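Raw contents of query.txt, compact mmCIF, C-alpha atoms:
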```
# COMPACT_ATOMS: atom_id res chain seq x y z
CA MET A 1 -0.68 -36.40 -35.97
CA LYS A 2 -4.02 -35.39 -37.40
CA PRO A 3 -6.33 -33.55 -34.96
CA SER A 4 -10.05 -34.05 -35.46
CA HIS A 5 -11.01 -30.70 -33.91
CA ILE A 6 -10.11 -28.08 -31.33
CA GLU A 7 -11.08 -29.82 -28.11
CA HIS A 8 -10.85 -26.78 -25.88
CA ILE A 9 -9.18 -23.46 -25.21
CA GLY A 10 -7.70 -23.18 -21.73
CA ILE A 11 -7.96 -19.87 -19.91
CA ALA A 12 -6.21 -19.33 -16.58
CA VAL A 13 -8.20 -17.29 -14.06
CA LYS A 14 -7.60 -16.09 -10.53
CA SER A 15 -11.01 -17.32 -9.38
CA LEU A 16 -13.66 -19.50 -10.99
CA GLU A 17 -16.24 -17.86 -8.75
CA GLU A 18 -15.37 -14.47 -10.27
CA ALA A 19 -14.87 -15.67 -13.85
CA ILE A 20 -17.88 -17.96 -14.39
CA PRO A 21 -20.49 -15.15 -14.23
CA PHE A 22 -18.90 -13.39 -17.23
CA TYR A 23 -19.24 -16.49 -19.40
CA GLU A 24 -22.79 -17.17 -18.19
CA LYS A 25 -24.29 -13.69 -17.88
CA VAL A 26 -22.43 -11.77 -20.56
CA LEU A 27 -21.75 -14.46 -23.17
CA GLY A 28 -24.85 -16.53 -22.39
CA LEU A 29 -22.94 -19.81 -22.01
CA GLU A 30 -23.71 -22.51 -19.45
CA CYS A 31 -21.09 -23.92 -17.12
CA TYR A 32 -21.80 -27.64 -17.44
CA ALA A 33 -19.02 -29.03 -15.22
CA VAL A 34 -16.66 -28.00 -12.44
CA GLU A 35 -13.93 -30.47 -11.56
CA GLU A 36 -10.72 -30.58 -9.57
CA VAL A 37 -7.73 -32.24 -11.22
CA VAL A 38 -5.55 -32.94 -8.20
CA ASP A 39 -2.49 -34.09 -10.22
CA GLN A 40 -2.39 -30.78 -12.08
CA LYS A 41 -3.22 -28.62 -9.05
CA VAL A 42 -6.23 -27.00 -10.73
CA LYS A 43 -9.96 -26.66 -10.50
CA THR A 44 -11.66 -26.40 -13.89
CA ALA A 45 -14.97 -25.12 -15.23
CA PHE A 46 -16.22 -26.03 -18.72
CA PHE A 47 -18.44 -24.26 -21.23
CA LYS A 48 -19.43 -25.50 -24.68
CA VAL A 49 -19.41 -23.26 -27.76
CA GLY A 50 -20.48 -25.34 -30.76
CA ASP A 51 -18.15 -28.33 -30.85
CA THR A 52 -15.42 -26.54 -28.90
CA LYS A 53 -15.11 -26.11 -25.16
CA ILE A 54 -13.74 -23.28 -23.04
CA GLU A 55 -11.87 -24.55 -19.98
CA LEU A 56 -11.33 -22.08 -17.15
CA LEU A 57 -8.46 -23.07 -14.86
CA GLU A 58 -8.07 -21.89 -11.27
CA SER A 59 -4.96 -22.95 -9.40
CA THR A 60 -5.35 -24.92 -6.18
CA ASP A 61 -1.66 -24.36 -5.37
CA PRO A 62 0.31 -21.14 -5.96
CA GLU A 63 3.36 -23.28 -6.82
CA GLY A 64 1.46 -25.27 -9.48
CA PRO A 65 1.74 -24.42 -13.19
CA ILE A 66 -1.47 -22.37 -13.31
CA GLY A 67 -0.64 -20.64 -10.03
CA LYS A 68 2.74 -19.56 -11.40
CA PHE A 69 1.19 -18.53 -14.74
CA VAL A 70 -1.44 -16.35 -13.04
CA ALA A 71 1.17 -14.81 -10.71
CA LYS A 72 3.36 -13.93 -13.69
CA THR A 73 0.73 -12.81 -16.21
CA GLY A 74 -2.42 -12.09 -14.24
CA GLY A 75 -4.18 -14.87 -16.15
CA GLY A 76 -5.57 -15.17 -19.66
CA MET A 77 -5.20 -17.58 -22.55
CA HIS A 78 -3.10 -20.49 -21.31
CA HIS A 79 -3.28 -23.22 -23.97
CA MET A 80 -5.06 -24.63 -26.99
CA ALA A 81 -6.04 -28.30 -27.01
CA PHE A 82 -6.49 -30.50 -30.06
CA ALA A 83 -8.40 -33.79 -30.04
CA VAL A 84 -6.63 -36.84 -31.46
CA GLU A 85 -7.55 -40.49 -31.67
CA ASP A 86 -4.45 -41.80 -29.84
CA VAL A 87 -2.51 -39.43 -27.59
CA GLN A 88 0.57 -41.66 -27.23
CA GLN A 89 0.82 -42.10 -30.99
CA ALA A 90 0.46 -38.35 -31.50
CA LEU A 91 3.17 -37.60 -28.92
CA THR A 92 5.50 -40.06 -30.66
CA GLU A 93 4.78 -38.56 -34.09
CA VAL A 94 5.42 -34.97 -33.04
CA GLN A 95 8.68 -35.96 -31.32
CA GLU A 96 9.79 -37.76 -34.48
CA ALA A 97 9.01 -34.55 -36.39
CA GLY A 98 11.41 -32.67 -34.08
CA CYS A 99 8.89 -31.12 -31.71
CA GLU A 100 9.91 -30.74 -28.06
CA VAL A 101 7.30 -32.17 -25.72
CA ILE A 102 6.58 -31.60 -22.05
CA ASP A 103 4.95 -35.03 -21.72
CA LYS A 104 6.55 -38.03 -23.40
CA THR A 105 3.64 -40.21 -22.28
CA PRO A 106 -0.01 -39.29 -21.70
CA ARG A 107 -1.26 -38.33 -18.27
CA ASN A 108 -4.76 -37.96 -16.86
CA GLY A 109 -6.61 -34.73 -17.48
CA ALA A 110 -10.04 -33.26 -16.85
CA GLU A 111 -13.17 -35.00 -18.09
CA GLY A 112 -11.38 -38.36 -18.02
CA LEU A 113 -9.22 -37.56 -21.05
CA LYS A 114 -5.62 -38.58 -21.62
CA ILE A 115 -3.47 -35.52 -22.31
CA GLY A 116 0.03 -34.48 -23.32
CA PHE A 117 1.58 -31.05 -23.75
CA LEU A 118 3.90 -29.82 -26.49
CA HIS A 119 6.51 -27.27 -25.46
CA PRO A 120 5.85 -23.68 -26.59
CA LYS A 121 9.44 -23.51 -27.92
CA SER A 122 8.32 -25.86 -30.69
CA THR A 123 4.79 -24.55 -31.27
CA GLN A 124 5.18 -20.91 -32.22
CA ARG A 125 5.08 -19.95 -28.51
CA VAL A 126 1.60 -21.39 -27.90
CA LEU A 127 1.32 -24.04 -25.20
CA THR A 128 -0.39 -26.86 -27.08
CA GLU A 129 -2.21 -29.79 -25.55
CA ILE A 130 -3.25 -32.94 -27.34
CA CYS A 131 -5.99 -35.01 -25.80
CA GLY A 132 -8.17 -38.01 -26.41
CA ASN A 133 -9.78 -41.06 -24.90
CA LYS A 134 -6.69 -43.25 -25.36
```
Could you render the structure from this file as structure tokens?
Amino acid sequence: MKPSHIEHIGIAVKSLEEAIPFYEKVLGLECYAVEEVVDQKVKTAFFKVGDTKIELLESTDPEGPIGKFVAKTGGGMHHMAFAVEDVQQALTEVQEAGCEVIDKTPRNGAEGLKIGFLHPKSTQRVLTEICGNK
């Protein structure tokens, strides 16, 4: 697997409505998209910083992964996402290298991307997402 760049940094928040003003008013960034990803039980907001994006994640279900994360930690950095050319190929390569994955096959993510997560047990305790157009 050879990532081309950091695609985004995912930050779990209790409320997009409360979090977005910090990024816009304090950091001077513009929220360019808000989207609900029903399969993942989240609503997302995106900001661009150079070639990298910040993805804020608000849970739409307290029993979803972000809901549980926010209940346990109060929110904060959730994951780092790397862009790859072929998500399925990357998932196969990391598994062959001995990495434990959460997703053996890509699933649909925000902004129309295919995504797959690597288990934090295998990634120095950082939830890692790989994403791409195929």
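Remark: for Met80 of chain A, the closest of the candidate residues A:Glu17, A:Glu24, A:Glu36, A:Glu55 is A:Glu55 (distances computed over all atoms listed in the file).
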Contacts of Cys131 of chain A within 7 Å, only C-alpha atoms, excl. fewer than 5 positions in-chain, as a compact mmCIF listing (two decimals) with C-alpha atoms, keeping the file's coordinate frame:
```txt
# COMPACT_ATOMS: atom_id res chain seq x y z
CA ALA A 81 -6.04 -28.30 -27.01
CA PHE A 82 -6.49 -30.50 -30.06
CA ALA A 83 -8.40 -33.79 -30.04
CA VAL A 84 -6.63 -36.84 -31.46
CA VAL A 87 -2.51 -39.43 -27.59
CA LEU A 113 -9.22 -37.56 -21.05
CA LYS A 114 -5.62 -38.58 -21.62
CA ILE A 115 -3.47 -35.52 -22.31
CA GLY A 116 0.03 -34.48 -23.32
```
Find the spatial neighbours of Asp86 of chain A, counting all atoms listed in the file, within a cut-off of 8 Å - ignore same-chain residues fewer than 4 positions away - and output them as a PyMOL selection string. chain A and resi 90+132-134
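Counting all atoms listed in the file and comparing A:Val126, A:Met1, A:Val38, A:Ala19, the residue that lies closest to Gln88 of chain A is A:Met1.
Our summary of the geometry notes that atom CA of Thr123 of chain A is positioned 9.8 Å from atom CA of Val101 of chain A.
The gap separating atom CA of His78 of chain A from atom CA of Cys99 of chain A is 19.1 Å, in Å to one decimal.
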Please, could N, CA and C atoms be added to segment 14-25 of chain A and the result written as a PDB file, in the frame of the given file?
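As written to disk, result.pdb reads:
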```pdb
ATOM      1  N   LYS A  14      -7.914 -16.160 -11.959  1.00  0.00           N
ATOM      2  CA  LYS A  14      -7.600 -16.090 -10.530  1.00  0.00           C
ATOM      3  C   LYS A  14      -8.649 -16.829  -9.713  1.00  0.00           C
ATOM      4  N   SER A  15      -9.909 -16.741 -10.144  1.00  0.00           N
ATOM      5  CA  SER A  15     -11.010 -17.320  -9.380  1.00  0.00           C
ATOM      6  C   SER A  15     -12.127 -17.766 -10.313  1.00  0.00           C
ATOM      7  N   LEU A  16     -12.518 -19.021 -10.205  1.00  0.00           N
ATOM      8  CA  LEU A  16     -13.660 -19.500 -10.990  1.00  0.00           C
ATOM      9  C   LEU A  16     -14.930 -18.759 -10.570  1.00  0.00           C
ATOM     10  N   GLU A  17     -15.048 -18.533  -9.277  1.00  0.00           N
ATOM     11  CA  GLU A  17     -16.240 -17.860  -8.750  1.00  0.00           C
ATOM     12  C   GLU A  17     -16.415 -16.473  -9.392  1.00  0.00           C
ATOM     13  N   GLU A  18     -15.298 -15.789  -9.642  1.00  0.00           N
ATOM     14  CA  GLU A  18     -15.370 -14.470 -10.270  1.00  0.00           C
ATOM     15  C   GLU A  18     -15.490 -14.553 -11.791  1.00  0.00           C
ATOM     16  N   ALA A  19     -14.910 -15.585 -12.394  1.00  0.00           N
ATOM     17  CA  ALA A  19     -14.870 -15.670 -13.850  1.00  0.00           C
ATOM     18  C   ALA A  19     -16.136 -16.279 -14.466  1.00  0.00           C
ATOM     19  N   ILE A  20     -16.715 -17.263 -13.823  1.00  0.00           N
ATOM     20  CA  ILE A  20     -17.880 -17.960 -14.390  1.00  0.00           C
ATOM     21  C   ILE A  20     -19.028 -17.006 -14.739  1.00  0.00           C
ATOM     22  N   PRO A  21     -19.376 -16.038 -13.880  1.00  0.00           N
ATOM     23  CA  PRO A  21     -20.490 -15.150 -14.230  1.00  0.00           C
ATOM     24  C   PRO A  21     -20.325 -14.409 -15.559  1.00  0.00           C
ATOM     25  N   PHE A  22     -19.097 -14.042 -15.933  1.00  0.00           N
ATOM     26  CA  PHE A  22     -18.900 -13.390 -17.230  1.00  0.00           C
ATOM     27  C   PHE A  22     -19.347 -14.301 -18.367  1.00  0.00           C
ATOM     28  N   TYR A  23     -18.912 -15.557 -18.327  1.00  0.00           N
ATOM     29  CA  TYR A  23     -19.240 -16.490 -19.400  1.00  0.00           C
ATOM     30  C   TYR A  23     -20.731 -16.822 -19.430  1.00  0.00           C
ATOM     31  N   GLU A  24     -21.362 -16.851 -18.244  1.00  0.00           N
ATOM     32  CA  GLU A  24     -22.790 -17.170 -18.190  1.00  0.00           C
ATOM     33  C   GLU A  24     -23.667 -15.948 -18.469  1.00  0.00           C
ATOM     34  N   LYS A  25     -23.397 -14.838 -17.789  1.00  0.00           N
ATOM     35  CA  LYS A  25     -24.290 -13.690 -17.880  1.00  0.00           C
ATOM     36  C   LYS A  25     -24.025 -12.796 -19.087  1.00  0.00           C
TER      37      LYS A  25
END
```
